[in-house]
file run-v4.txt (compact mmCIF, C-alpha atoms)
# COMPACT_ATOMS: atom_id res chain seq x y z
CA MET A 1 73.98 -33.90 -223.13
CA ASN A 2 73.05 -30.24 -222.53
CA ALA A 3 73.18 -28.92 -219.00
CA ARG A 4 69.83 -28.71 -217.22
CA ILE A 5 69.07 -25.55 -215.24
CA LEU A 6 66.30 -24.69 -212.75
CA VAL A 7 65.36 -21.01 -212.38
CA ILE A 8 63.66 -20.17 -209.06
CA ASP A 9 62.04 -16.73 -208.80
CA ASP A 10 58.60 -15.54 -207.69
CA GLU A 11 58.49 -13.07 -210.59
CA GLU A 12 57.12 -15.04 -213.52
CA SER A 13 58.42 -12.53 -216.07
CA ILE A 14 61.99 -12.87 -214.76
CA CYS A 15 61.79 -16.65 -214.95
CA GLU A 16 60.55 -16.56 -218.53
CA ILE A 17 63.18 -14.06 -219.69
CA ILE A 18 66.01 -16.10 -218.20
CA LYS A 19 64.53 -19.34 -219.50
CA TYR A 20 64.13 -17.98 -223.03
CA ASN A 21 67.69 -16.66 -223.27
CA LEU A 22 69.34 -19.72 -221.74
CA MET A 23 67.37 -22.04 -224.01
CA LYS A 24 68.73 -20.02 -226.95
CA GLU A 25 72.19 -21.01 -225.67
CA GLY A 26 71.21 -24.67 -225.86
CA TYR A 27 70.46 -25.30 -222.19
CA GLU A 28 67.45 -27.23 -220.90
CA VAL A 29 65.62 -24.89 -218.53
CA ASP A 30 62.77 -25.37 -216.06
CA VAL A 31 61.25 -22.79 -213.70
CA ALA A 32 59.78 -22.75 -210.20
CA TYR A 33 57.96 -19.75 -208.73
CA SER A 34 58.93 -20.36 -205.10
CA ALA A 35 61.56 -22.15 -203.04
CA GLU A 36 58.83 -24.43 -201.71
CA GLU A 37 57.84 -25.47 -205.21
CA ALA A 38 61.47 -26.15 -206.10
CA LEU A 39 62.10 -28.24 -202.99
CA GLY A 40 59.07 -30.35 -203.88
CA MET A 41 60.67 -31.27 -207.21
CA ASP A 42 63.23 -33.95 -208.02
CA LEU A 43 66.37 -31.82 -208.01
CA LYS A 44 68.89 -34.53 -208.87
CA PRO A 45 68.73 -34.05 -212.68
CA TYR A 46 69.79 -30.39 -212.48
CA ASP A 47 73.30 -29.10 -213.14
CA LEU A 48 72.71 -25.53 -211.93
CA PHE A 49 70.20 -23.51 -209.89
CA ILE A 50 69.58 -19.80 -210.49
CA VAL A 51 67.84 -18.54 -207.37
CA ASP A 52 66.21 -15.27 -206.32
CA ILE A 53 66.74 -14.39 -202.66
CA MET A 54 63.68 -12.33 -201.68
CA MET A 55 60.74 -14.71 -202.01
CA GLU A 56 57.74 -15.22 -199.73
CA ARG A 57 57.99 -17.79 -196.94
CA LEU A 58 61.24 -19.59 -197.84
CA SER A 59 63.98 -17.30 -199.17
CA GLY A 60 66.68 -18.16 -201.64
CA PHE A 61 69.06 -18.43 -198.69
CA ASP A 62 66.74 -21.04 -197.13
CA PHE A 63 66.73 -23.00 -200.39
CA ALA A 64 70.53 -22.93 -200.60
CA LYS A 65 70.96 -24.07 -196.99
CA THR A 66 68.60 -26.99 -197.58
CA LEU A 67 70.39 -27.94 -200.80
CA ARG A 68 73.86 -27.82 -199.24
CA ASN A 69 72.71 -30.32 -196.58
CA SER A 70 71.08 -32.76 -199.04
CA ASN A 71 73.04 -35.85 -199.95
CA GLY A 72 73.62 -36.31 -203.65
CA ILE A 73 72.90 -32.72 -204.68
CA GLU A 74 74.90 -30.77 -202.11
CA ASN A 75 77.56 -29.81 -204.65
CA VAL A 76 75.29 -28.63 -207.49
CA PRO A 77 76.25 -25.01 -208.34
CA ILE A 78 74.02 -22.12 -207.28
CA ILE A 79 73.87 -18.61 -208.74
CA PHE A 80 71.98 -16.08 -206.63
CA CYS A 81 70.12 -13.45 -208.67
CA SER A 82 68.76 -10.69 -206.43
CA ALA A 83 67.95 -7.01 -206.08
CA LEU A 84 69.88 -7.11 -202.79
CA ASN A 85 73.16 -5.51 -203.75
CA GLY A 86 74.83 -4.76 -200.42
CA GLU A 87 78.24 -6.21 -199.65
CA ASP A 88 76.84 -8.05 -196.63
CA ASP A 89 74.17 -9.71 -198.80
CA THR A 90 76.76 -10.85 -201.33
CA VAL A 91 79.08 -12.19 -198.63
CA MET A 92 76.21 -14.02 -196.93
CA GLY A 93 75.17 -15.59 -200.21
CA LEU A 94 78.67 -16.77 -201.00
CA ASN A 95 79.22 -18.08 -197.47
CA ILE A 96 76.02 -20.10 -197.66
CA GLY A 97 77.47 -21.85 -200.68
CA ALA A 98 76.61 -19.87 -203.80
CA ASP A 99 79.04 -20.12 -206.70
CA ASP A 100 78.18 -16.65 -208.02
CA TYR A 101 75.98 -13.65 -207.24
CA ILE A 102 74.28 -11.40 -209.81
CA THR A 103 72.42 -8.23 -208.83
CA LYS A 104 69.19 -7.09 -210.45
CA PRO A 105 68.75 -5.41 -212.86
CA PHE A 106 71.20 -7.35 -215.01
CA LYS A 107 72.05 -7.72 -218.67
CA MET A 108 71.21 -11.12 -220.15
CA SER A 109 74.66 -11.21 -221.76
CA GLU A 110 76.14 -11.06 -218.25
CA MET A 111 73.77 -13.76 -217.00
CA VAL A 112 74.70 -16.07 -219.87
CA ALA A 113 78.42 -15.45 -219.34
CA ARG A 114 78.14 -16.19 -215.61
CA VAL A 115 76.17 -19.37 -216.26
CA ASN A 116 78.72 -20.55 -218.82
CA ALA A 117 81.60 -19.86 -216.41
CA VAL A 118 80.01 -21.63 -213.42
CA LEU A 119 79.09 -24.70 -215.45
CA ARG A 120 82.55 -24.79 -217.02
CA ARG A 121 84.23 -24.77 -213.58
CA ALA A 122 81.85 -27.46 -212.32
CA ALA A 123 82.61 -29.67 -215.34
CA ILE A 124 86.37 -29.31 -214.83
CA ALA A 125 86.08 -30.25 -211.16
CA ARG A 126 83.82 -33.22 -211.98
CA ARG A 127 86.19 -34.59 -214.63
CA ALA A 128 89.14 -34.22 -212.28
CA MET A 129 87.34 -36.16 -209.54
CA GLN A 130 86.38 -38.91 -211.99
CA ALA A 131 89.94 -39.16 -213.28
CA ALA A 132 91.32 -39.35 -209.75
CA ALA A 133 88.86 -42.10 -208.83
CA ALA A 134 89.68 -44.07 -211.98
CA ALA A 135 93.41 -43.83 -211.28
CA VAL A 136 93.10 -45.82 -208.04
CA PRO A 137 93.37 -49.58 -208.69
CA ALA A 138 90.39 -51.46 -207.31
CA THR A 139 92.63 -54.12 -205.80
CA THR A 140 94.86 -51.68 -203.93
CA ALA A 141 94.58 -52.17 -200.19
CA ASP A 142 95.72 -49.21 -198.10
CA PRO A 143 97.25 -49.94 -194.70
CA MET A 144 94.95 -49.37 -191.74
CA GLU A 145 95.23 -45.91 -190.23
CA SER A 146 94.65 -44.97 -186.62
CA ARG A 147 91.51 -43.13 -185.62
CA VAL A 148 91.98 -39.48 -184.70
CA GLU A 149 90.22 -38.24 -181.58
CA TYR A 150 89.69 -34.96 -179.77
CA GLN A 151 87.56 -35.23 -176.64
CA THR A 152 84.32 -36.87 -177.89
CA LEU A 153 85.00 -36.03 -181.55
CA CYS A 154 86.33 -39.05 -183.43
CA ILE A 155 87.25 -39.40 -187.09
CA ASP A 156 88.10 -42.74 -188.71
CA PRO A 157 90.20 -42.44 -191.90
CA ASN A 158 89.64 -46.11 -192.78
CA ASP A 159 85.87 -46.07 -193.26
CA LYS A 160 85.69 -42.27 -193.73
CA THR A 161 83.32 -41.64 -190.84
CA CYS A 162 83.00 -39.02 -188.12
CA TYR A 163 81.36 -39.46 -184.72
CA ILE A 164 80.50 -37.11 -181.87
CA ASP A 165 79.54 -38.73 -178.57
CA GLY A 166 79.19 -42.00 -180.51
CA ALA A 167 76.65 -40.54 -182.98
CA LEU A 168 77.46 -40.54 -186.68
CA VAL A 169 77.96 -37.08 -188.24
CA PRO A 170 77.22 -37.09 -191.99
CA LEU A 171 79.99 -35.22 -193.81
CA THR A 172 80.66 -34.72 -197.49
CA LYS A 173 84.01 -35.93 -198.83
CA THR A 174 85.43 -32.41 -198.79
CA GLU A 175 84.19 -31.69 -195.27
CA PHE A 176 85.70 -34.99 -194.07
CA GLU A 177 89.08 -34.24 -195.66
CA ILE A 178 89.20 -30.73 -194.17
CA LEU A 179 88.31 -31.99 -190.68
CA PHE A 180 90.84 -34.84 -190.92
CA PHE A 181 93.55 -32.37 -191.93
CA PHE A 182 92.66 -30.01 -189.08
CA LEU A 183 92.58 -32.75 -186.44
CA THR A 184 95.96 -34.08 -187.54
CA HIS A 185 97.48 -30.58 -187.71
CA ARG A 186 96.12 -28.83 -184.63
CA ASN A 187 96.97 -25.51 -183.01
CA ARG A 188 98.21 -23.76 -186.12
CA ILE A 189 96.56 -21.38 -188.57
CA TYR A 190 96.79 -22.42 -192.22
CA SER A 191 96.21 -20.13 -195.18
CA ARG A 192 93.44 -20.98 -197.61
CA GLU A 193 96.08 -21.80 -200.21
CA GLU A 194 97.75 -24.27 -197.83
CA ILE A 195 94.41 -25.95 -197.12
CA ILE A 196 93.71 -26.26 -200.85
CA ARG A 197 97.11 -27.93 -201.40
CA ARG A 198 96.59 -30.35 -198.50
CA VAL A 199 92.96 -31.30 -199.22
CA TRP A 200 92.39 -31.10 -202.99
CA ASP A 201 94.17 -32.80 -205.87
CA ASP A 202 96.56 -30.62 -207.86
CA ASP A 203 94.44 -30.74 -211.01
CA VAL A 204 91.20 -29.67 -209.31
CA VAL A 205 90.30 -25.99 -209.67
CA VAL A 206 89.34 -24.60 -206.25
CA THR A 207 88.68 -21.01 -205.23
CA THR A 208 89.30 -19.59 -201.77
CA ARG A 209 85.53 -18.98 -201.55
CA THR A 210 85.04 -22.74 -201.76
CA ILE A 211 87.18 -23.10 -198.62
CA ASP A 212 85.03 -20.58 -196.72
CA THR A 213 81.82 -22.29 -197.80
CA ASN A 214 82.93 -25.78 -196.80
CA ILE A 215 84.27 -24.64 -193.42
CA THR A 216 81.01 -22.79 -192.68
CA ARG A 217 79.03 -25.99 -193.34
CA LEU A 218 81.54 -28.11 -191.39
CA ARG A 219 81.28 -25.87 -188.32
CA LYS A 220 77.50 -26.29 -188.25
CA LYS A 221 77.69 -30.08 -188.60
CA ILE A 222 80.15 -30.66 -185.74
CA GLY A 223 78.20 -28.57 -183.24
CA ALA A 224 80.15 -27.22 -180.29
CA TYR A 225 83.42 -28.39 -181.85
CA GLY A 226 82.83 -25.85 -184.60
CA ASN A 227 84.15 -23.29 -182.12
CA ASN A 228 87.52 -25.04 -182.24
CA ILE A 229 87.87 -24.10 -185.91
CA GLU A 230 89.23 -20.59 -185.60
CA THR A 231 89.41 -17.87 -188.23
CA ARG A 232 92.28 -15.44 -188.47
CA GLN A 233 91.14 -12.56 -190.66
CA GLY A 234 93.52 -12.15 -193.56
CA PHE A 235 95.37 -15.40 -192.75
CA GLY A 236 93.14 -18.46 -192.74
CA TYR A 237 91.83 -21.23 -190.48
CA GLY A 238 93.01 -23.74 -187.92
CA PHE A 239 91.76 -26.20 -185.29
CA LYS A 240 92.67 -25.09 -181.77
CA GLU A 241 92.51 -27.32 -178.71
CA LYS A 242 90.54 -25.74 -175.85
CA ASP A 243 90.07 -26.67 -172.21

call {"tool": "encode", "arguments": {"input": "run-v4.txt", "output": "structure tokens"}}
result
Amino acid sequence: MNARILVIDDEESICEIIKYNLMKEGYEVDVAYSAEEALGMDLKPYDLFIVDIMMERLSGFDFAKTLRNSNGIENVPIIFCSALNGEDDTVMGLNIGADDYITKPFKMSEMVARVNAVLRRAAIARRAMQAAAAAVPATTADPMESRVEYQTLCIDPNDKTCYIDGALVPLTKTEFEILFFFLTHRNRIYSREEIIRRVWDDDVVVTTRTIDTNITRLRKKIGAYGNNIETRQGFGYGFKEKD
């Protein structure tokens, strides 16, 4: 089945140009002329979003933040396509959770190549996750593990849940695994490569940008405890106990 793509841009001509060229590549393409219109659609069928940043009312950044906090579609790839070409804009876009960033004006050959690459990486990661899940026997019963606690932050590795002050904190699988690793390996800074080895399966392709994106989202979800996740520029991340 061909990948399905949603192009979100308030310039109708841009939407139609991208749609036409991607359909020539065999993709199924829909368009939305605002972030609000896109968020009013059923987004679950889509395999990729191509999003402009500077739109009226809700920006592309707003759309991405909403998507990354929506269960079931939080891991769908995003490519930002924007006239904003400053380094800070690119970094912000990638930190929000974009998988790539293309600046306007662009060549359609570059757009097509970027789309192909992002969808290829997403397919590899998806197949690896499916293979890992299939490799676990349904009848295997893991021994019970102890809950891990820090002040009022509690994580239960048995039912894969996280609580703060007794309230459930919804985490994605990746966010849960990162937090569990940090809480069981406190007070040390780990490189991004070390975190990838500890959290992801060996056959899953993960970029260091993926680490940054997941930790940014994790910090927001765990509130004040996000301050315990420290960044060491040029080194990596770690969970530090504080008084």

call {"tool": "residues_around", "arguments": {"input": "run-v4.txt", "residues": "Glu25 in chain A", "least_positions_apart": "3", "cutoff": "12 Å", "atoms": "all atoms listed in the file", "output": "list in words"}}
result
Asn2, Ala3, Arg4, Ile5, Ile18, Lys19, Tyr20, Asn21, Leu22, Glu28, Val29, Met108, Ser109, Met111, Val112, Ala113, Val115 and Asn116 of chain A

call {"tool": "residues_near_point", "arguments": {"input": "run-v4.txt", "point": "(79.2, -39.9, -195.9)", "cutoff": "8 Å", "atoms": "all atoms listed in the file", "output": "list in words"}}
result
Lys160, Thr161, Pro170, Leu171, Thr172 and Lys173 of chain A

call {"tool": "residues_around", "arguments": {"input": "run-v4.txt", "residues": "Ser34 in chain A", "least_positions_apart": "4", "cutoff": "9 Å", "atoms": "only C-alpha atoms", "output": "ChimeraX atom specification"}}
result
/A:8-10,38-39,52,55-60

call {"tool": "residues_around", "arguments": {"input": "run-v4.txt", "residues": "range 154-157 of chain A", "least_positions_apart": "6", "cutoff": "10 Å", "atoms": "only C-alpha atoms", "output": "number ranges by chain"}}
result
A: 144-148, 163-169, 176-177, 179-180, 183

call {"tool": "residues_around", "arguments": {"input": "run-v4.txt", "residues": "Tyr46 in chain A", "least_positions_apart": "4", "cutoff": "12 Å", "atoms": "all atoms listed in the file", "output": "JSON, numbers by chain"}}
result
{"A": [1, 2, 3, 4, 5, 6, 7, 27, 28, 29, 30, 31, 38, 41, 42, 50, 67, 72, 73, 74, 75, 76, 77, 78, 119]}

call {"tool": "atom_distance", "arguments": {"input": "run-v4.txt", "atom1": "CA of Ile53 in chain A", "atom2": "CA of Ala83 in chain A"}}
result
8.2 Å

call {"tool": "closest_residue", "arguments": {"input": "run-v4.txt", "among": "A:Gly236, A:Ile178, A:Thr207, A:Thr231", "to": "Ser191 in chain A", "atoms": "only C-alpha atoms"}}
result
A:Gly236

call {"tool": "closest_residue", "arguments": {"input": "run-v4.txt", "among": "A:Trp200, A:Phe61, A:Tyr33, A:Phe49", "to": "Ile96 in chain A", "atoms": "all atoms listed in the file"}}
result
A:Phe61

call {"tool": "atom_distance", "arguments": {"input": "run-v4.txt", "atom1": "CA of Leu48 in chain A", "atom2": "CA of Asn85 in chain A"}}
result
21.6 Å

call {"tool": "closest_residue", "arguments": {"input": "run-v4.txt", "among": "A:Asn158, A:Thr208, A:Thr103, A:Thr152", "to": "Ala224 in chain A", "atoms": "all atoms listed in the file"}}
result
A:Thr152

call {"tool": "atom_distance", "arguments": {"input": "run-v4.txt", "atom1": "CA of Met54 in chain A", "atom2": "CA of Asp88 in chain A"}}
result
14.7 Å

call {"tool": "closest_residue", "arguments": {"input": "run-v4.txt", "among": "A:Tyr101, A:Arg114, A:Val51, A:Ala131", "to": "Glu87 in chain A", "atoms": "all atoms listed in the file"}}
result
A:Tyr101

call {"tool": "residues_around", "arguments": {"input": "run-v4.txt", "residues": "range 232-235 of chain A", "least_positions_apart": "5", "cutoff": "12 Å", "atoms": "all atoms listed in the file", "output": "VMD selection string"}}
result
chain A and resid 188 to 195 208 212 240
